[in-house]
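Engineer: Dropping in final-v4.pdb, with PDB, C-alpha atoms, pLDDT in the B column.
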ATOM      1  CA  MET A   1      31.075  -5.579 -43.475  1.00 41.00           C
ATOM      2  CA  LYS A   2      28.329  -2.990 -42.837  1.00 42.00           C
ATOM      3  CA  LEU A   3      25.806  -5.796 -42.273  1.00 37.00           C
ATOM      4  CA  ARG A   4      28.079  -7.397 -39.648  1.00 37.00           C
ATOM      5  CA  LEU A   5      28.454  -4.085 -37.814  1.00 32.00           C
ATOM      6  CA  ALA A   6      24.692  -3.560 -37.868  1.00 34.00           C
ATOM      7  CA  VAL A   7      24.066  -7.069 -36.500  1.00 33.00           C
ATOM      8  CA  LEU A   8      26.760  -6.593 -33.837  1.00 32.00           C
ATOM      9  CA  SER A   9      25.196  -3.258 -32.806  1.00 34.00           C
ATOM     10  CA  VAL A  10      21.760  -4.864 -32.467  1.00 33.00           C
ATOM     11  CA  LEU A  11      23.207  -7.723 -30.389  1.00 33.00           C
ATOM     12  CA  LEU A  12      25.049  -5.314 -28.089  1.00 32.00           C
ATOM     13  CA  LEU A  13      21.887  -3.289 -27.544  1.00 33.00           C
ATOM     14  CA  ALA A  14      19.879  -6.438 -26.849  1.00 35.00           C
ATOM     15  CA  CYS A  15      22.446  -7.644 -24.299  1.00 38.00           C
ATOM     16  CA  SER A  16      22.776  -4.366 -22.420  1.00 38.00           C
ATOM     17  CA  ASP A  17      20.711  -3.999 -19.245  1.00 47.00           C
ATOM     18  CA  PRO A  18      18.694  -0.797 -19.428  1.00 51.00           C
ATOM     19  CA  GLY A  19      17.328  -1.422 -15.941  1.00 75.00           C
ATOM     20  CA  VAL A  20      13.850  -1.783 -14.601  1.00 90.00           C
ATOM     21  CA  GLU A  21      11.701   1.244 -13.900  1.00 95.00           C
ATOM     22  CA  PRO A  22       9.237   0.784 -11.047  1.00 97.00           C
ATOM     23  CA  ARG A  23       5.625   1.676 -11.755  1.00 97.00           C
ATOM     24  CA  SER A  24       4.339   4.963 -10.341  1.00 97.00           C
ATOM     25  CA  GLY A  25       1.329   4.510  -8.102  1.00 96.00           C
ATOM     26  CA  THR A  26       0.203   2.852  -4.901  1.00 96.00           C
ATOM     27  CA  TRP A  27       2.292  -0.032  -3.572  1.00 96.00           C
ATOM     28  CA  ASN A  28       1.747  -2.403  -0.636  1.00 93.00           C
ATOM     29  CA  TYR A  29       4.301  -3.987   1.661  1.00 89.00           C
ATOM     30  CA  GLY A  30       4.239  -7.774   1.638  1.00 86.00           C
ATOM     31  CA  GLY A  31       6.071  -8.467   4.893  1.00 81.00           C
ATOM     32  CA  SER A  32       9.304  -7.844   6.751  1.00 85.00           C
ATOM     33  CA  GLU A  33      11.911  -9.648   8.834  1.00 87.00           C
ATOM     34  CA  ILE A  34      14.700  -8.454  11.164  1.00 87.00           C
ATOM     35  CA  ALA A  35      18.157  -8.787   9.565  1.00 90.00           C
ATOM     36  CA  SER A  36      20.356  -7.194  12.275  1.00 91.00           C
ATOM     37  CA  ASN A  37      19.847  -5.559  15.674  1.00 90.00           C
ATOM     38  CA  SER A  38      22.200  -3.708  18.028  1.00 92.00           C
ATOM     39  CA  CYS A  39      19.310  -2.041  19.893  1.00 90.00           C
ATOM     40  CA  GLY A  40      18.720  -4.826  22.385  1.00 85.00           C
ATOM     41  CA  ASN A  41      14.918  -4.702  22.290  1.00 75.00           C
ATOM     42  CA  ASP A  42      13.179  -7.489  20.411  1.00 73.00           C
ATOM     43  CA  ALA A  43      10.020  -5.377  19.990  1.00 66.00           C
ATOM     44  CA  LEU A  44      11.457  -3.217  17.195  1.00 68.00           C
ATOM     45  CA  PRO A  45       9.098  -1.396  14.853  1.00 65.00           C
ATOM     46  CA  THR A  46       9.527  -3.363  11.614  1.00 61.00           C
ATOM     47  CA  ASP A  47       6.034  -4.123  10.535  1.00 61.00           C
ATOM     48  CA  ALA A  48       6.248  -2.553   7.106  1.00 67.00           C
ATOM     49  CA  SER A  49       2.584  -2.692   6.215  1.00 69.00           C
ATOM     50  CA  GLY A  50      -0.077  -0.830   4.382  1.00 74.00           C
ATOM     51  CA  PRO A  51       0.145   1.270   1.265  1.00 88.00           C
ATOM     52  CA  PHE A  52       2.733   3.795   0.174  1.00 91.00           C
ATOM     53  CA  ARG A  53       2.959   5.978  -2.908  1.00 94.00           C
ATOM     54  CA  LEU A  54       5.904   5.612  -5.323  1.00 96.00           C
ATOM     55  CA  THR A  55       6.314   8.252  -8.048  1.00 97.00           C
ATOM     56  CA  VAL A  56       8.968   8.038 -10.763  1.00 97.00           C
ATOM     57  CA  THR A  57      10.264  11.614 -11.036  1.00 97.00           C
ATOM     58  CA  SER A  58      12.926  11.194 -13.747  1.00 95.00           C
ATOM     59  CA  ASP A  59      15.147   8.575 -15.339  1.00 93.00           C
ATOM     60  CA  GLY A  60      16.792   6.850 -12.406  1.00 96.00           C
ATOM     61  CA  ALA A  61      14.847   8.582  -9.601  1.00 97.00           C
ATOM     62  CA  PHE A  62      11.619   8.169  -7.650  1.00 97.00           C
ATOM     63  CA  THR A  63      10.022   9.530  -4.495  1.00 96.00           C
ATOM     64  CA  VAL A  64       8.165   7.650  -1.775  1.00 94.00           C
ATOM     65  CA  VAL A  65       5.335   8.952   0.390  1.00 91.00           C
ATOM     66  CA  ASP A  66       4.719   6.626   3.334  1.00 84.00           C
ATOM     67  CA  GLY A  67       2.473   7.513   6.265  1.00 76.00           C
ATOM     68  CA  ASP A  68       5.003   5.911   8.658  1.00 72.00           C
ATOM     69  CA  PHE A  69       7.494   8.717   7.957  1.00 70.00           C
ATOM     70  CA  ASP A  70       7.252  12.454   8.561  1.00 68.00           C
ATOM     71  CA  THR A  71       8.570  13.416   5.118  1.00 77.00           C
ATOM     72  CA  THR A  72       8.609  12.318   1.497  1.00 86.00           C
ATOM     73  CA  PHE A  73      11.934  10.774   0.553  1.00 91.00           C
ATOM     74  CA  GLU A  74      13.861  10.427  -2.678  1.00 95.00           C
ATOM     75  CA  CYS A  75      15.525   7.345  -4.098  1.00 97.00           C
ATOM     76  CA  THR A  76      17.716   6.657  -7.100  1.00 97.00           C
ATOM     77  CA  TYR A  77      18.041   3.519  -9.170  1.00 97.00           C
ATOM     78  CA  ASP A  78      20.533   2.172 -11.647  1.00 96.00           C
ATOM     79  CA  GLY A  79      19.796  -1.064 -13.466  1.00 95.00           C
ATOM     80  CA  ASP A  80      17.746  -3.082 -11.005  1.00 96.00           C
ATOM     81  CA  GLN A  81      19.349  -1.643  -7.833  1.00 97.00           C
ATOM     82  CA  PHE A  82      17.900   1.262  -5.852  1.00 97.00           C
ATOM     83  CA  THR A  83      19.087   3.380  -2.933  1.00 98.00           C
ATOM     84  CA  CYS A  84      17.225   5.779  -0.652  1.00 96.00           C
ATOM     85  CA  PRO A  85      19.953   7.629   1.279  1.00 95.00           C
ATOM     86  CA  SER A  86      19.793   7.846   5.055  1.00 94.00           C
ATOM     87  CA  ARG A  87      17.577  10.710   6.140  1.00 92.00           C
ATOM     88  CA  ALA A  88      15.954  12.053   9.282  1.00 90.00           C
ATOM     89  CA  ALA A  89      12.755  10.033   9.493  1.00 86.00           C
ATOM     90  CA  GLY A  90      11.225  11.100  12.788  1.00 85.00           C
ATOM     91  CA  MET A  91      11.545  12.025  16.423  1.00 90.00           C
ATOM     92  CA  TYR A  92       9.774  11.261  19.672  1.00 90.00           C
ATOM     93  CA  LYS A  93       9.867  13.480  22.767  1.00 92.00           C
ATOM     94  CA  VAL A  94       9.699  11.251  25.842  1.00 88.00           C
ATOM     95  CA  ASP A  95       7.044  12.558  28.256  1.00 89.00           C
ATOM     96  CA  PHE A  96       8.078  14.126  31.570  1.00 91.00           C
ATOM     97  CA  ILE A  97      11.855  13.761  31.083  1.00 94.00           C
ATOM     98  CA  ASP A  98      14.580  15.575  29.151  1.00 96.00           C
ATOM     99  CA  ALA A  99      15.003  13.042  26.340  1.00 96.00           C
ATOM    100  CA  THR A 100      14.177  13.141  22.651  1.00 96.00           C
ATOM    101  CA  LEU A 101      14.634  10.079  20.447  1.00 93.00           C
ATOM    102  CA  PHE A 102      15.620  10.638  16.812  1.00 94.00           C
ATOM    103  CA  TYR A 103      15.820   8.096  14.052  1.00 91.00           C
ATOM    104  CA  ASN A 104      17.308   8.093  10.568  1.00 92.00           C
ATOM    105  CA  VAL A 105      16.398   5.589   7.890  1.00 91.00           C
ATOM    106  CA  GLY A 106      18.129   4.454   4.698  1.00 95.00           C
ATOM    107  CA  ILE A 107      17.024   1.806   2.196  1.00 95.00           C
ATOM    108  CA  THR A 108      18.755  -0.292  -0.450  1.00 97.00           C
ATOM    109  CA  GLY A 109      17.097  -2.859  -2.642  1.00 97.00           C
ATOM    110  CA  THR A 110      16.364  -4.559  -5.919  1.00 98.00           C
ATOM    111  CA  ILE A 111      13.627  -3.772  -8.413  1.00 98.00           C
ATOM    112  CA  LEU A 112      12.472  -7.237  -9.482  1.00 97.00           C
ATOM    113  CA  SER A 113       9.976  -5.945 -12.053  1.00 97.00           C
ATOM    114  CA  ALA A 114       7.938  -2.819 -12.699  1.00 97.00           C
ATOM    115  CA  SER A 115       5.562  -4.000  -9.969  1.00 97.00           C
ATOM    116  CA  GLU A 116       7.789  -5.882  -7.471  1.00 97.00           C
ATOM    117  CA  LEU A 117      10.736  -4.917  -5.308  1.00 96.00           C
ATOM    118  CA  THR A 118      12.660  -6.137  -2.275  1.00 96.00           C
ATOM    119  CA  GLY A 119      14.796  -4.129   0.061  1.00 96.00           C
ATOM    120  CA  THR A 120      16.599  -3.682   3.354  1.00 95.00           C
ATOM    121  CA  GLN A 121      15.822  -0.745   5.590  1.00 92.00           C
ATOM    122  CA  VAL A 122      18.473   0.408   8.080  1.00 94.00           C
ATOM    123  CA  VAL A 123      17.248   2.380  11.104  1.00 92.00           C
ATOM    124  CA  LYS A 124      19.685   4.344  13.266  1.00 94.00           C
ATOM    125  CA  ALA A 125      18.315   5.605  16.601  1.00 92.00           C
ATOM    126  CA  ARG A 126      19.863   8.097  19.001  1.00 95.00           C
ATOM    127  CA  CYS A 127      18.816  10.165  22.002  1.00 96.00           C
ATOM    128  CA  GLU A 128      19.473  13.766  22.992  1.00 97.00           C
ATOM    129  CA  GLY A 129      18.879  15.220  26.443  1.00 97.00           C
ATOM    130  CA  ALA A 130      19.943  14.884  30.066  1.00 97.00           C
ATOM    131  CA  SER A 131      17.627  11.900  30.677  1.00 96.00           C
ATOM    132  CA  CYS A 132      18.654   9.587  27.816  1.00 95.00           C
ATOM    133  CA  THR A 133      19.755   6.902  30.285  1.00 94.00           C
ATOM    134  CA  ILE A 134      16.235   6.858  31.751  1.00 94.00           C
ATOM    135  CA  ALA A 135      14.724   6.823  28.252  1.00 91.00           C
ATOM    136  CA  ALA A 136      16.894   3.832  27.298  1.00 90.00           C
ATOM    137  CA  GLU A 137      15.895   1.961  30.463  1.00 89.00           C
ATOM    138  CA  THR A 138      12.219   2.737  29.870  1.00 84.00           C
ATOM    139  CA  THR A 139      12.205   1.691  26.219  1.00 82.00           C
ATOM    140  CA  GLY A 140      14.577  -1.245  26.600  1.00 85.00           C
ATOM    141  CA  TYR A 141      16.817   0.102  23.823  1.00 86.00           C
ATOM    142  CA  THR A 142      20.570   0.451  23.914  1.00 89.00           C
ATOM    143  CA  LEU A 143      21.089   3.962  22.559  1.00 91.00           C
ATOM    144  CA  PRO A 144      22.483   4.867  20.141  1.00 95.00           C
ATOM    145  CA  CYS A 145      21.743   1.756  18.126  1.00 93.00           C
ATOM    146  CA  GLU A 146      21.048   0.401  14.667  1.00 94.00           C
ATOM    147  CA  TYR A 147      18.852  -2.315  13.257  1.00 92.00           C
ATOM    148  CA  SER A 148      17.785  -3.436   9.819  1.00 92.00           C
ATOM    149  CA  TYR A 149      15.002  -5.435   8.300  1.00 91.00           C
ATOM    150  CA  THR A 150      14.221  -6.870   4.910  1.00 93.00           C
ATOM    151  CA  PHE A 151      10.910  -6.290   3.164  1.00 93.00           C
ATOM    152  CA  ASP A 152       9.128  -6.802  -0.121  1.00 94.00           C
ATOM    153  CA  ALA A 153       6.495  -4.725  -1.871  1.00 95.00           C
ATOM    154  CA  VAL A 154       4.164  -4.976  -4.860  1.00 96.00           C
ATOM    155  CA  ALA A 155       2.377  -2.347  -6.916  1.00 96.00           C
ATOM    156  CA  GLN A 156      -1.414  -2.368  -6.862  1.00 91.00           C
TER     157      GLN A 156
END
Mind turning this structure into structure tokens?
Structural biologist:
Amino acid sequence: MKLRLAVLSVLLLACSDPGVEPRSGTWNYGGSEIASNSCGNDALPTDASGPFRLTVTSDGAFTVVDGDFDTTFECTYDGDQFTCPSRAAGMYKVDFIDATLFYNVGITGTILSASELTGTQVVKARCEGASCTIAAETTGYTLPCEYSYTFDAVAQ
């Protein structure tokens, strides 16, 4: 009876999914593609390219440092799924008018292996100021708006 319980315990442990931990270090984007767009402008900034730094900070958490964003951001993962909650990612003051564009970014994805992941980034843009209508006309965006794009990345 004890042998059966020991074998059953080993089988249960072998069948459980402990998850995949991404490798800390430098990663590179492998490409991106628009998934949705309510912004109206086809020239959306989606070219996820170049390196970024991923650092595992604890079981189930990592941070990302990417030169495209103003701040480091934190993500959590459980099993092979990860989430980087929506956060303020940047702002742009439009020259010569009273309009400032703000954008927030959130990411969800799948860790395929310690050195590969895929994800979807959701960007929400909005404008503050008396001249937001002019800013929207100038940029070609419908504001506020939201778009998303898929991407993949590999560790170096």
Engineer: Can you report as lines of an AutoDock Vina configuration file the centre and edge lengths in Å, to one decimal, of an axis-aligned box around the listed atoms of stretch 99-103 of chain A padded with 3 Å on each side?
Structural biologist:
center_x = 15.0
center_y = 10.6
center_z = 20.2
size_x = 7.6
size_y = 11.0
size_z = 18.3
Engineer: Suppose a student applies the PyMOL selection byres ((chain A and resi 60-63) around 12) to this structure; what residues should they get, written as a short mmCIF file (atom, residue, chain, number, x, y, z; two decimals) with C-alpha atoms, in the frame of the given file?
Structural biologist:
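And here is the file that came out, selection12.cif:
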data_model
loop_
_atom_site.label_atom_id
_atom_site.label_comp_id
_atom_site.auth_asym_id
_atom_site.auth_seq_id
_atom_site.Cartn_x
_atom_site.Cartn_y
_atom_site.Cartn_z
CA PRO A 18 18.69 -0.80 -19.43
CA GLY A 19 17.33 -1.42 -15.94
CA VAL A 20 13.85 -1.78 -14.60
CA GLU A 21 11.70 1.24 -13.90
CA PRO A 22 9.24 0.78 -11.05
CA ARG A 23 5.62 1.68 -11.76
CA SER A 24 4.34 4.96 -10.34
CA GLY A 25 1.33 4.51 -8.10
CA THR A 26 0.20 2.85 -4.90
CA PHE A 52 2.73 3.80 0.17
CA ARG A 53 2.96 5.98 -2.91
CA LEU A 54 5.90 5.61 -5.32
CA THR A 55 6.31 8.25 -8.05
CA VAL A 56 8.97 8.04 -10.76
CA THR A 57 10.26 11.61 -11.04
CA SER A 58 12.93 11.19 -13.75
CA ASP A 59 15.15 8.57 -15.34
CA VAL A 64 8.16 7.65 -1.78
CA VAL A 65 5.34 8.95 0.39
CA ASP A 66 4.72 6.63 3.33
CA THR A 71 8.57 13.42 5.12
CA THR A 72 8.61 12.32 1.50
CA PHE A 73 11.93 10.77 0.55
CA GLU A 74 13.86 10.43 -2.68
CA CYS A 75 15.52 7.34 -4.10
CA THR A 76 17.72 6.66 -7.10
CA TYR A 77 18.04 3.52 -9.17
CA ASP A 78 20.53 2.17 -11.65
CA GLY A 79 19.80 -1.06 -13.47
CA ASP A 80 17.75 -3.08 -11.00
CA GLN A 81 19.35 -1.64 -7.83
CA PHE A 82 17.90 1.26 -5.85
CA THR A 83 19.09 3.38 -2.93
CA CYS A 84 17.23 5.78 -0.65
CA PRO A 85 19.95 7.63 1.28
CA ILE A 111 13.63 -3.77 -8.41
#
Engineer: Which residue out of A:Val94, A:Phe69, A:Gly31, A:Asn37 has the minimum interatomic distance to A:Ile134 when only C-alpha atoms are used?
Structural biologist: A:Val94
Engineer: If you apply the PyMOL selection byres ((chain A and resi 102) around 12) to this file, what residues do you get, as a list in words?
Structural biologist: Asp70, Arg87, Ala88, Ala89, Gly90, Met91, Tyr92, Lys93, Val94, Ala99, Thr100, Leu101, Tyr103, Asn104, Val105, Val123, Lys124, Ala125, Arg126, Cys127, Glu128, Gly129, Cys132, Leu143, Pro144, Cys145 and Glu146 of chain A
Engineer: Just to confirm, what's the straight-line distance from atom CA of A:Thr139 to atom CA of A:Gly30 in Å (one decimal)?
Structural biologist: 27.5 Å
Engineer: Point out the residue among A:Ala136, A:Ile97, A:Leu112, A:Ile107 with the least atom-to-atom distance to A:Tyr149, counting all atoms listed in the file.
Structural biologist: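 Looking at the shortest contact to A:Tyr149, the residue is A:Ile107.
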Engineer: For the provided coordinates, the residues matched by the PyMOL selection byres ((chain A and resi 34) around 8) should be stated as an NGL selection string.
Structural biologist: :A and (32-33 or 35-37 or 46 or 147-150)
Engineer: At what distance in Å, to one decimal, does atom CA of A:Tyr29 lie from atom CA of A:Thr108?
Structural biologist: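 Result for atom CA of A:Thr108 versus atom CA of A:Tyr29: 15.1 Å, one decimal.
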Engineer: Mind giving me the straight-line distance from atom CA of A:Gln156 to atom CA of A:Glu116 in Å, one decimal?
Structural biologist: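 Calculated distance between atom CA of A:Gln156 and atom CA of A:Glu116 is 9.9 Å.
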Engineer: Ranking A:Ala135, A:Cys39, A:Val154, A:Ala130 by minimum distance to A:Ala114 and counting all atoms listed in the file, which one comes first?
Structural biologist: A:Val154
